[in-house]
file upload-v7.cif (mmCIF, N, CA and C atoms, pLDDT in the B column; chains and numbers go by the auth columns)
data_protein
#
loop_
_atom_site.group_PDB
_atom_site.id
_atom_site.type_symbol
_atom_site.label_atom_id
_atom_site.label_comp_id
_atom_site.label_asym_id
_atom_site.label_seq_id
_atom_site.Cartn_x
_atom_site.Cartn_y
_atom_site.Cartn_z
_atom_site.B_iso_or_equiv
_atom_site.auth_seq_id
_atom_site.auth_asym_id
ATOM 1 N N ASP A 1 -1.706 38.683 -19.081 70.00 1 A
ATOM 2 C CA ASP A 1 -0.365 39.236 -19.046 70.00 1 A
ATOM 3 C C ASP A 1 0.308 39.006 -17.689 70.00 1 A
ATOM 4 N N GLU A 2 -0.471 39.078 -16.615 78.00 2 A
ATOM 5 C CA GLU A 2 0.120 38.903 -15.283 78.00 2 A
ATOM 6 C C GLU A 2 0.646 37.489 -15.062 78.00 2 A
ATOM 7 N N ASP A 3 0.152 36.542 -15.851 79.00 3 A
ATOM 8 C CA ASP A 3 0.527 35.135 -15.658 79.00 3 A
ATOM 9 C C ASP A 3 1.252 34.569 -16.883 79.00 3 A
ATOM 10 N N HIS A 4 1.946 35.417 -17.604 78.00 4 A
ATOM 11 C CA HIS A 4 2.738 34.984 -18.763 78.00 4 A
ATOM 12 C C HIS A 4 1.924 34.098 -19.700 78.00 4 A
ATOM 13 N N GLY A 5 0.762 34.578 -20.086 75.00 5 A
ATOM 14 C CA GLY A 5 -0.089 33.829 -21.006 75.00 5 A
ATOM 15 C C GLY A 5 -0.940 32.771 -20.334 75.00 5 A
ATOM 16 N N GLY A 6 -1.057 32.818 -19.029 77.00 6 A
ATOM 17 C CA GLY A 6 -1.904 31.865 -18.311 77.00 6 A
ATOM 18 C C GLY A 6 -1.213 30.576 -17.930 77.00 6 A
ATOM 19 N N VAL A 7 0.105 30.594 -17.874 76.00 7 A
ATOM 20 C CA VAL A 7 0.856 29.367 -17.602 76.00 7 A
ATOM 21 C C VAL A 7 0.461 28.719 -16.266 76.00 7 A
ATOM 22 N N HIS A 8 0.157 29.501 -15.261 77.00 8 A
ATOM 23 C CA HIS A 8 -0.237 28.939 -13.970 77.00 8 A
ATOM 24 C C HIS A 8 -1.746 28.749 -13.864 77.00 8 A
ATOM 25 N N ILE A 9 -2.485 29.742 -14.311 77.00 9 A
ATOM 26 C CA ILE A 9 -3.937 29.679 -14.239 77.00 9 A
ATOM 27 C C ILE A 9 -4.470 28.465 -15.002 77.00 9 A
ATOM 28 N N ASN A 10 -3.888 28.176 -16.148 74.00 10 A
ATOM 29 C CA ASN A 10 -4.395 27.124 -17.019 74.00 10 A
ATOM 30 C C ASN A 10 -3.760 25.749 -16.802 74.00 10 A
ATOM 31 N N SER A 11 -2.944 25.598 -15.794 82.00 11 A
ATOM 32 C CA SER A 11 -2.270 24.314 -15.613 82.00 11 A
ATOM 33 C C SER A 11 -2.980 23.382 -14.639 82.00 11 A
ATOM 34 N N GLY A 12 -3.938 23.865 -13.883 90.00 12 A
ATOM 35 C CA GLY A 12 -4.585 23.053 -12.858 90.00 12 A
ATOM 36 C C GLY A 12 -5.288 21.817 -13.386 90.00 12 A
ATOM 37 N N ILE A 13 -6.055 21.948 -14.447 93.00 13 A
ATOM 38 C CA ILE A 13 -6.819 20.818 -14.978 93.00 13 A
ATOM 39 C C ILE A 13 -5.898 19.747 -15.562 93.00 13 A
ATOM 40 N N PRO A 14 -4.929 20.106 -16.424 94.00 14 A
ATOM 41 C CA PRO A 14 -4.018 19.062 -16.919 94.00 14 A
ATOM 42 C C PRO A 14 -3.167 18.448 -15.802 94.00 14 A
ATOM 43 N N ASN A 15 -2.798 19.251 -14.811 94.00 15 A
ATOM 44 C CA ASN A 15 -2.033 18.706 -13.693 94.00 15 A
ATOM 45 C C ASN A 15 -2.857 17.697 -12.904 94.00 15 A
ATOM 46 N N ARG A 16 -4.119 18.005 -12.698 95.00 16 A
ATOM 47 C CA ARG A 16 -5.008 17.075 -11.986 95.00 16 A
ATOM 48 C C ARG A 16 -5.177 15.783 -12.786 95.00 16 A
ATOM 49 N N ALA A 17 -5.348 15.889 -14.097 97.00 17 A
ATOM 50 C CA ALA A 17 -5.460 14.698 -14.940 97.00 17 A
ATOM 51 C C ALA A 17 -4.195 13.855 -14.840 97.00 17 A
ATOM 52 N N PHE A 18 -3.025 14.506 -14.811 97.00 18 A
ATOM 53 C CA PHE A 18 -1.763 13.786 -14.646 97.00 18 A
ATOM 54 C C PHE A 18 -1.740 13.007 -13.338 97.00 18 A
ATOM 55 N N VAL A 19 -2.107 13.672 -12.251 96.00 19 A
ATOM 56 C CA VAL A 19 -2.100 13.021 -10.942 96.00 19 A
ATOM 57 C C VAL A 19 -3.042 11.824 -10.925 96.00 19 A
ATOM 58 N N LEU A 20 -4.229 11.986 -11.466 97.00 20 A
ATOM 59 C CA LEU A 20 -5.190 10.889 -11.501 97.00 20 A
ATOM 60 C C LEU A 20 -4.661 9.708 -12.313 97.00 20 A
ATOM 61 N N ALA A 21 -4.069 9.992 -13.467 98.00 21 A
ATOM 62 C CA ALA A 21 -3.505 8.919 -14.297 98.00 21 A
ATOM 63 C C ALA A 21 -2.343 8.245 -13.575 98.00 21 A
ATOM 64 N N ALA A 22 -1.467 9.025 -12.980 97.00 22 A
ATOM 65 C CA ALA A 22 -0.308 8.475 -12.277 97.00 22 A
ATOM 66 C C ALA A 22 -0.733 7.591 -11.108 97.00 22 A
ATOM 67 N N LYS A 23 -1.732 8.034 -10.353 97.00 23 A
ATOM 68 C CA LYS A 23 -2.217 7.231 -9.223 97.00 23 A
ATOM 69 C C LYS A 23 -2.838 5.932 -9.699 97.00 23 A
ATOM 70 N N LYS A 24 -3.592 5.995 -10.782 97.00 24 A
ATOM 71 C CA LYS A 24 -4.216 4.783 -11.317 97.00 24 A
ATOM 72 C C LYS A 24 -3.159 3.783 -11.790 97.00 24 A
ATOM 73 N N LEU A 25 -2.080 4.292 -12.372 97.00 25 A
ATOM 74 C CA LEU A 25 -1.027 3.423 -12.893 97.00 25 A
ATOM 75 C C LEU A 25 -0.120 2.889 -11.792 97.00 25 A
ATOM 76 N N GLY A 26 0.004 3.630 -10.700 96.00 26 A
ATOM 77 C CA GLY A 26 0.844 3.188 -9.597 96.00 26 A
ATOM 78 C C GLY A 26 2.326 3.289 -9.940 96.00 26 A
ATOM 79 N N GLY A 27 3.147 2.819 -9.037 94.00 27 A
ATOM 80 C CA GLY A 27 4.586 2.884 -9.254 94.00 27 A
ATOM 81 C C GLY A 27 5.088 4.314 -9.200 94.00 27 A
ATOM 82 N N HIS A 28 6.187 4.560 -9.874 95.00 28 A
ATOM 83 C CA HIS A 28 6.761 5.904 -9.926 95.00 28 A
ATOM 84 C C HIS A 28 6.093 6.695 -11.044 95.00 28 A
ATOM 85 N N ALA A 29 5.700 7.912 -10.729 93.00 29 A
ATOM 86 C CA ALA A 29 4.954 8.736 -11.694 93.00 29 A
ATOM 87 C C ALA A 29 5.731 8.966 -12.982 93.00 29 A
ATOM 88 N N TRP A 30 7.053 8.982 -12.906 92.00 30 A
ATOM 89 C CA TRP A 30 7.846 9.267 -14.114 92.00 30 A
ATOM 90 C C TRP A 30 7.929 8.086 -15.067 92.00 30 A
ATOM 91 N N GLU A 31 7.531 6.908 -14.624 94.00 31 A
ATOM 92 C CA GLU A 31 7.665 5.724 -15.470 94.00 31 A
ATOM 93 C C GLU A 31 6.667 5.700 -16.626 94.00 31 A
ATOM 94 N N ASP A 32 5.420 5.943 -16.365 97.00 32 A
ATOM 95 C CA ASP A 32 4.405 5.897 -17.421 97.00 32 A
ATOM 96 C C ASP A 32 3.769 7.265 -17.628 97.00 32 A
ATOM 97 N N ALA A 33 3.079 7.773 -16.626 97.00 33 A
ATOM 98 C CA ALA A 33 2.404 9.069 -16.774 97.00 33 A
ATOM 99 C C ALA A 33 3.405 10.170 -17.113 97.00 33 A
ATOM 100 N N GLY A 34 4.544 10.146 -16.489 97.00 34 A
ATOM 101 C CA GLY A 34 5.574 11.148 -16.770 97.00 34 A
ATOM 102 C C GLY A 34 6.065 11.089 -18.203 97.00 34 A
ATOM 103 N N ARG A 35 6.274 9.890 -18.709 97.00 35 A
ATOM 104 C CA ARG A 35 6.691 9.733 -20.110 97.00 35 A
ATOM 105 C C ARG A 35 5.637 10.282 -21.057 97.00 35 A
ATOM 106 N N ILE A 36 4.377 10.005 -20.736 98.00 36 A
ATOM 107 C CA ILE A 36 3.272 10.457 -21.589 98.00 36 A
ATOM 108 C C ILE A 36 3.184 11.979 -21.591 98.00 36 A
ATOM 109 N N TRP A 37 3.142 12.582 -20.410 97.00 37 A
ATOM 110 C CA TRP A 37 2.978 14.038 -20.325 97.00 37 A
ATOM 111 C C TRP A 37 4.195 14.756 -20.908 97.00 37 A
ATOM 112 N N TYR A 38 5.384 14.241 -20.656 97.00 38 A
ATOM 113 C CA TYR A 38 6.594 14.869 -21.192 97.00 38 A
ATOM 114 C C TYR A 38 6.564 14.856 -22.723 97.00 38 A
ATOM 115 N N ALA A 39 6.227 13.708 -23.294 98.00 39 A
ATOM 116 C CA ALA A 39 6.153 13.605 -24.759 98.00 39 A
ATOM 117 C C ALA A 39 5.048 14.501 -25.306 98.00 39 A
ATOM 118 N N ALA A 40 3.918 14.574 -24.622 98.00 40 A
ATOM 119 C CA ALA A 40 2.803 15.411 -25.079 98.00 40 A
ATOM 120 C C ALA A 40 3.177 16.894 -25.031 98.00 40 A
ATOM 121 N N LEU A 41 3.858 17.300 -23.981 95.00 41 A
ATOM 122 C CA LEU A 41 4.238 18.709 -23.849 95.00 41 A
ATOM 123 C C LEU A 41 5.230 19.140 -24.927 95.00 41 A
ATOM 124 N N GLY A 42 6.001 18.206 -25.439 97.00 42 A
ATOM 125 C CA GLY A 42 6.951 18.528 -26.496 97.00 42 A
ATOM 126 C C GLY A 42 6.474 18.150 -27.889 97.00 42 A
ATOM 127 N N HIS A 43 5.234 17.701 -27.989 97.00 43 A
ATOM 128 C CA HIS A 43 4.721 17.213 -29.271 97.00 43 A
ATOM 129 C C HIS A 43 4.530 18.362 -30.254 97.00 43 A
ATOM 130 N N GLU A 44 4.843 18.092 -31.511 97.00 44 A
ATOM 131 C CA GLU A 44 4.737 19.123 -32.544 97.00 44 A
ATOM 132 C C GLU A 44 3.319 19.633 -32.761 97.00 44 A
ATOM 133 N N ARG A 45 2.321 18.839 -32.406 96.00 45 A
ATOM 134 C CA ARG A 45 0.922 19.269 -32.582 96.00 45 A
ATOM 135 C C ARG A 45 0.426 20.167 -31.451 96.00 45 A
ATOM 136 N N LEU A 46 1.196 20.265 -30.368 96.00 46 A
ATOM 137 C CA LEU A 46 0.775 21.105 -29.245 96.00 46 A
ATOM 138 C C LEU A 46 1.151 22.555 -29.536 96.00 46 A
ATOM 139 N N LEU A 47 0.144 23.362 -29.761 95.00 47 A
ATOM 140 C CA LEU A 47 0.342 24.772 -30.076 95.00 47 A
ATOM 141 C C LEU A 47 0.067 25.632 -28.853 95.00 47 A
ATOM 142 N N PRO A 48 0.591 26.841 -28.808 88.00 48 A
ATOM 143 C CA PRO A 48 0.331 27.739 -27.675 88.00 48 A
ATOM 144 C C PRO A 48 -1.154 28.040 -27.480 88.00 48 A
ATOM 145 N N THR A 49 -1.948 27.859 -28.517 92.00 49 A
ATOM 146 C CA THR A 49 -3.382 28.150 -28.444 92.00 49 A
ATOM 147 C C THR A 49 -4.214 26.898 -28.140 92.00 49 A
ATOM 148 N N ALA A 50 -3.582 25.805 -27.774 93.00 50 A
ATOM 149 C CA ALA A 50 -4.290 24.542 -27.561 93.00 50 A
ATOM 150 C C ALA A 50 -5.315 24.656 -26.435 93.00 50 A
ATOM 151 N N THR A 51 -6.415 23.972 -26.628 94.00 51 A
ATOM 152 C CA THR A 51 -7.440 23.868 -25.595 94.00 51 A
ATOM 153 C C THR A 51 -7.121 22.652 -24.716 94.00 51 A
ATOM 154 N N PHE A 52 -7.835 22.516 -23.613 95.00 52 A
ATOM 155 C CA PHE A 52 -7.659 21.339 -22.766 95.00 52 A
ATOM 156 C C PHE A 52 -7.982 20.075 -23.566 95.00 52 A
ATOM 157 N N ARG A 53 -9.032 20.138 -24.362 97.00 53 A
ATOM 158 C CA ARG A 53 -9.423 18.976 -25.153 97.00 53 A
ATOM 159 C C ARG A 53 -8.336 18.595 -26.157 97.00 53 A
ATOM 160 N N GLN A 54 -7.738 19.576 -26.792 98.00 54 A
ATOM 161 C CA GLN A 54 -6.662 19.291 -27.739 98.00 54 A
ATOM 162 C C GLN A 54 -5.465 18.665 -27.026 98.00 54 A
ATOM 163 N N PHE A 55 -5.113 19.195 -25.871 97.00 55 A
ATOM 164 C CA PHE A 55 -3.997 18.613 -25.128 97.00 55 A
ATOM 165 C C PHE A 55 -4.335 17.198 -24.671 97.00 55 A
ATOM 166 N N ALA A 56 -5.555 16.998 -24.224 98.00 56 A
ATOM 167 C CA ALA A 56 -5.978 15.657 -23.798 98.00 56 A
ATOM 168 C C ALA A 56 -5.860 14.672 -24.952 98.00 56 A
ATOM 169 N N ARG A 57 -6.258 15.088 -26.126 98.00 57 A
ATOM 170 C CA ARG A 57 -6.167 14.213 -27.298 98.00 57 A
ATOM 171 C C ARG A 57 -4.710 13.908 -27.658 98.00 57 A
ATOM 172 N N ILE A 58 -3.840 14.873 -27.463 98.00 58 A
ATOM 173 C CA ILE A 58 -2.418 14.618 -27.706 98.00 58 A
ATOM 174 C C ILE A 58 -1.886 13.612 -26.700 98.00 58 A
ATOM 175 N N THR A 59 -2.287 13.734 -25.429 98.00 59 A
ATOM 176 C CA THR A 59 -1.827 12.742 -24.441 98.00 59 A
ATOM 177 C C THR A 59 -2.347 11.354 -24.802 98.00 59 A
ATOM 178 N N ARG A 60 -3.579 11.276 -25.286 98.00 60 A
ATOM 179 C CA ARG A 60 -4.114 9.977 -25.699 98.00 60 A
ATOM 180 C C ARG A 60 -3.323 9.425 -26.884 98.00 60 A
ATOM 181 N N PHE A 61 -3.034 10.261 -27.874 98.00 61 A
ATOM 182 C CA PHE A 61 -2.255 9.844 -29.042 98.00 61 A
ATOM 183 C C PHE A 61 -0.876 9.323 -28.616 98.00 61 A
ATOM 184 N N VAL A 62 -0.210 10.068 -27.746 98.00 62 A
ATOM 185 C CA VAL A 62 1.111 9.661 -27.258 98.00 62 A
ATOM 186 C C VAL A 62 1.011 8.342 -26.500 98.00 62 A
ATOM 187 N N THR A 63 -0.006 8.202 -25.679 98.00 63 A
ATOM 188 C CA THR A 63 -0.188 6.976 -24.904 98.00 63 A
ATOM 189 C C THR A 63 -0.360 5.770 -25.814 98.00 63 A
ATOM 190 N N ILE A 64 -1.200 5.916 -26.812 98.00 64 A
ATOM 191 C CA ILE A 64 -1.432 4.815 -27.754 98.00 64 A
ATOM 192 C C ILE A 64 -0.153 4.488 -28.518 98.00 64 A
ATOM 193 N N THR A 65 0.588 5.515 -28.894 98.00 65 A
ATOM 194 C CA THR A 65 1.850 5.305 -29.601 98.00 65 A
ATOM 195 C C THR A 65 2.850 4.546 -28.728 98.00 65 A
ATOM 196 N N LEU A 66 2.951 4.925 -27.466 98.00 66 A
ATOM 197 C CA LEU A 66 3.923 4.308 -26.562 98.00 66 A
ATOM 198 C C LEU A 66 3.492 2.939 -26.044 98.00 66 A
ATOM 199 N N PHE A 67 2.202 2.791 -25.729 98.00 67 A
ATOM 200 C CA PHE A 67 1.764 1.608 -24.985 98.00 67 A
ATOM 201 C C PHE A 67 0.677 0.784 -25.661 98.00 67 A
ATOM 202 N N GLY A 68 0.027 1.328 -26.677 98.00 68 A
ATOM 203 C CA GLY A 68 -1.035 0.603 -27.362 98.00 68 A
ATOM 204 C C GLY A 68 -2.418 1.061 -26.958 98.00 68 A
ATOM 205 N N ARG A 69 -3.356 0.882 -27.886 98.00 69 A
ATOM 206 C CA ARG A 69 -4.737 1.344 -27.699 98.00 69 A
ATOM 207 C C ARG A 69 -5.454 0.648 -26.535 98.00 69 A
ATOM 208 N N GLU A 70 -5.174 -0.613 -26.329 98.00 70 A
ATOM 209 C CA GLU A 70 -5.866 -1.386 -25.294 98.00 70 A
ATOM 210 C C GLU A 70 -5.073 -1.497 -23.994 98.00 70 A
ATOM 211 N N SER A 71 -4.058 -0.669 -23.837 98.00 71 A
ATOM 212 C CA SER A 71 -3.185 -0.750 -22.666 98.00 71 A
ATOM 213 C C SER A 71 -3.844 -0.179 -21.413 98.00 71 A
ATOM 214 N N ARG A 72 -3.330 -0.571 -20.283 97.00 72 A
ATOM 215 C CA ARG A 72 -3.816 -0.002 -19.018 97.00 72 A
ATOM 216 C C ARG A 72 -3.462 1.474 -18.930 97.00 72 A
ATOM 217 N N GLN A 73 -2.383 1.879 -19.606 98.00 73 A
ATOM 218 C CA GLN A 73 -2.009 3.288 -19.639 98.00 73 A
ATOM 219 C C GLN A 73 -3.055 4.107 -20.391 98.00 73 A
ATOM 220 N N ALA A 74 -3.527 3.575 -21.515 98.00 74 A
ATOM 221 C CA ALA A 74 -4.562 4.273 -22.286 98.00 74 A
ATOM 222 C C ALA A 74 -5.843 4.404 -21.465 98.00 74 A
ATOM 223 N N GLU A 75 -6.192 3.346 -20.775 98.00 75 A
ATOM 224 C CA GLU A 75 -7.386 3.381 -19.916 98.00 75 A
ATOM 225 C C GLU A 75 -7.224 4.426 -18.813 98.00 75 A
ATOM 226 N N ALA A 76 -6.051 4.488 -18.204 98.00 76 A
ATOM 227 C CA ALA A 76 -5.805 5.441 -17.119 98.00 76 A
ATOM 228 C C ALA A 76 -5.856 6.882 -17.614 98.00 76 A
ATOM 229 N N VAL A 77 -5.248 7.149 -18.757 98.00 77 A
ATOM 230 C CA VAL A 77 -5.222 8.514 -19.304 98.00 77 A
ATOM 231 C C VAL A 77 -6.628 8.954 -19.696 98.00 77 A
ATOM 232 N N GLU A 78 -7.342 8.107 -20.396 98.00 78 A
ATOM 233 C CA GLU A 78 -8.703 8.461 -20.806 98.00 78 A
ATOM 234 C C GLU A 78 -9.605 8.659 -19.591 98.00 78 A
ATOM 235 N N GLY A 79 -9.464 7.798 -18.595 98.00 79 A
ATOM 236 C CA GLY A 79 -10.254 7.928 -17.373 98.00 79 A
ATOM 237 C C GLY A 79 -9.936 9.200 -16.612 98.00 79 A
ATOM 238 N N ALA A 80 -8.678 9.580 -16.588 98.00 80 A
ATOM 239 C CA ALA A 80 -8.271 10.799 -15.877 98.00 80 A
ATOM 240 C C ALA A 80 -8.890 12.034 -16.525 98.00 80 A
ATOM 241 N N TRP A 81 -8.852 12.099 -17.858 98.00 81 A
ATOM 242 C CA TRP A 81 -9.447 13.251 -18.538 98.00 81 A
ATOM 243 C C TRP A 81 -10.959 13.278 -18.347 98.00 81 A
ATOM 244 N N THR A 82 -11.581 12.129 -18.350 98.00 82 A
ATOM 245 C CA THR A 82 -13.023 12.082 -18.111 98.00 82 A
ATOM 246 C C THR A 82 -13.346 12.590 -16.714 98.00 82 A
ATOM 247 N N GLU A 83 -12.534 12.186 -15.747 98.00 83 A
ATOM 248 C CA GLU A 83 -12.788 12.587 -14.354 98.00 83 A
ATOM 249 C C GLU A 83 -12.656 14.098 -14.150 98.00 83 A
ATOM 250 N N VAL A 84 -11.764 14.754 -14.888 97.00 84 A
ATOM 251 C CA VAL A 84 -11.641 16.210 -14.755 97.00 84 A
ATOM 252 C C VAL A 84 -12.608 16.968 -15.663 97.00 84 A
ATOM 253 N N GLY A 85 -13.427 16.228 -16.410 97.00 85 A
ATOM 254 C CA GLY A 85 -14.463 16.858 -17.205 97.00 85 A
ATOM 255 C C GLY A 85 -14.070 17.250 -18.611 97.00 85 A
ATOM 256 N N VAL A 86 -12.981 16.682 -19.114 97.00 86 A
ATOM 257 C CA VAL A 86 -12.549 16.970 -20.489 97.00 86 A
ATOM 258 C C VAL A 86 -12.891 15.777 -21.355 97.00 86 A
ATOM 259 N N ARG A 87 -13.762 16.023 -22.344 94.00 87 A
ATOM 260 C CA ARG A 87 -14.163 14.945 -23.257 94.00 87 A
ATOM 261 C C ARG A 87 -13.124 14.758 -24.341 94.00 87 A
ATOM 262 N N LEU A 88 -12.781 13.504 -24.591 92.00 88 A
ATOM 263 C CA LEU A 88 -11.853 13.200 -25.671 92.00 88 A
ATOM 264 C C LEU A 88 -12.666 12.984 -26.897 92.00 88 A
#

call {"tool": "encode", "arguments": {"input": "upload-v7.cif", "output": "C-alpha cells"}}
result
Amino acid sequence: DEDHGGVHINSGIPNRAFVLAAKKLGGHAWEDAGRIWYAALGHERLLPTATFRQFARITRFVTITLFGRESRQAEAVEGAWTEVGVRL
C-alpha cells in the first residue's frame, strides 16, 4: 500500500533489463529498446498481476513482432533478461 501496489519496489529488475538491452543495442535508447518497452508496457496481455517472467516474455514477443526472431534486438532483449536472472 505504501508504494501504490509496488510500482517502485518492483521496477528495479525490468529497469535493469532495459538498461542492459539498450546498452547492447547502442545508439539512442528510445530507438529500439524504448520502442520495445513502451509497446510491452501498453500490451493487452500485460496485467497488473504480471510476474517478471510474464513481462519478459511480452518484451520478447514485442521484439520479435517489431524486429524478427533472429534480430540483434531479440538477442539483446533475451540476453538482458538472462543477465538479471529472469528465465524466458

call {"tool": "closest_residue", "arguments": {"input": "upload-v7.cif", "among": "A:Ala74, A:Ala39, A:Gln54, A:Val62", "to": "Leu88 in chain A", "atoms": "only C-alpha atoms"}}
result
A:Gln54

call {"tool": "atom_distance", "arguments": {"input": "upload-v7.cif", "atom1": "CA of Gly34 in chain A", "atom2": "CA of Ala21 in chain A"}}
result
9.7 Å

call {"tool": "atom_distance", "arguments": {"input": "upload-v7.cif", "atom1": "atom C of Thr65 in chain A", "atom2": "atom N of Leu47 in chain A"}}
result
19.0 Å

call {"tool": "closest_residue", "arguments": {"input": "upload-v7.cif", "among": "A:Asn10, A:Gln73, A:Thr63, A:Thr49", "to": "Leu25 in chain A", "atoms": "all atoms listed in the file"}}
result
A:Gln73

call {"tool": "axis_aligned_box", "arguments": {"input": "upload-v7.cif", "around": "range 19-36 of chain A", "padding_each_side": "3 Å", "output": "AutoDock Vina command-line options"}}
result
--center_x 1.4 --center_y 8.2 --center_z -15.3 --size_x 19.1 --size_y 16.9 --size_z 18.6

call {"tool": "atom_distance", "arguments": {"input": "upload-v7.cif", "atom1": "CA of Glu75 in chain A", "atom2": "CA of Ile9 in chain A"}}
result
27.1 Å

call {"tool": "residues_around", "arguments": {"input": "upload-v7.cif", "residues": "Arg53 in chain A", "least_positions_apart": "6", "cutoff": "8 Å", "atoms": "only N, CA and C atoms", "output": "count of residues only"}}
result
4

call {"tool": "resolve_selection", "arguments": {"input": "upload-v7.cif", "expression": "the PyMOL selection byres (((chain A and resi 58 and name CA) around 8) and name CA)", "output": "PyMOL selection string"}}
result
chain A and resi 40+43+45-46+54-57+59-62

call {"tool": "closest_residue", "arguments": {"input": "upload-v7.cif", "among": "A:Tyr38, A:Thr51, A:Arg16, A:Lys24", "to": "Arg72 in chain A", "atoms": "all atoms listed in the file"}}
result
A:Lys24

call {"tool": "build_atoms", "arguments": {"input": "upload-v7.cif", "residues": "range 28-39 of chain A", "atoms": "N, CA, C and O atoms", "output": "compact mmCIF listing (two decimals), in the frame of the given file"}}
result
# COMPACT_ATOMS: atom_id res chain seq x y z
N HIS A 28 6.19 4.56 -9.87
CA HIS A 28 6.76 5.90 -9.93
C HIS A 28 6.09 6.70 -11.04
O HIS A 28 5.98 6.21 -12.17
N ALA A 29 5.70 7.91 -10.73
CA ALA A 29 4.95 8.74 -11.69
C ALA A 29 5.73 8.97 -12.98
O ALA A 29 5.14 9.11 -14.05
N TRP A 30 7.05 8.98 -12.91
CA TRP A 30 7.85 9.27 -14.11
C TRP A 30 7.93 8.09 -15.07
O TRP A 30 8.31 8.24 -16.21
N GLU A 31 7.53 6.91 -14.62
CA GLU A 31 7.66 5.72 -15.47
C GLU A 31 6.67 5.70 -16.63
O GLU A 31 7.06 5.44 -17.76
N ASP A 32 5.42 5.94 -16.36
CA ASP A 32 4.40 5.90 -17.42
C ASP A 32 3.77 7.26 -17.63
O ASP A 32 3.91 7.86 -18.70
N ALA A 33 3.08 7.77 -16.63
CA ALA A 33 2.40 9.07 -16.77
C ALA A 33 3.40 10.17 -17.11
O ALA A 33 3.14 11.02 -17.97
N GLY A 34 4.54 10.15 -16.49
CA GLY A 34 5.57 11.15 -16.77
C GLY A 34 6.06 11.09 -18.20
O GLY A 34 6.25 12.12 -18.84
N ARG A 35 6.27 9.89 -18.71
CA ARG A 35 6.69 9.73 -20.11
C ARG A 35 5.64 10.28 -21.06
O ARG A 35 5.95 10.95 -22.04
N ILE A 36 4.38 10.01 -20.74
CA ILE A 36 3.27 10.46 -21.59
C ILE A 36 3.18 11.98 -21.59
O ILE A 36 3.15 12.61 -22.65
N TRP A 37 3.14 12.58 -20.41
CA TRP A 37 2.98 14.04 -20.32
C TRP A 37 4.20 14.76 -20.91
O TRP A 37 4.05 15.76 -21.60
N TYR A 38 5.38 14.24 -20.66
CA TYR A 38 6.59 14.87 -21.19
C TYR A 38 6.56 14.86 -22.72
O TYR A 38 6.84 15.87 -23.37
N ALA A 39 6.23 13.71 -23.29
CA ALA A 39 6.15 13.60 -24.76
C ALA A 39 5.05 14.50 -25.31
O ALA A 39 5.22 15.13 -26.35
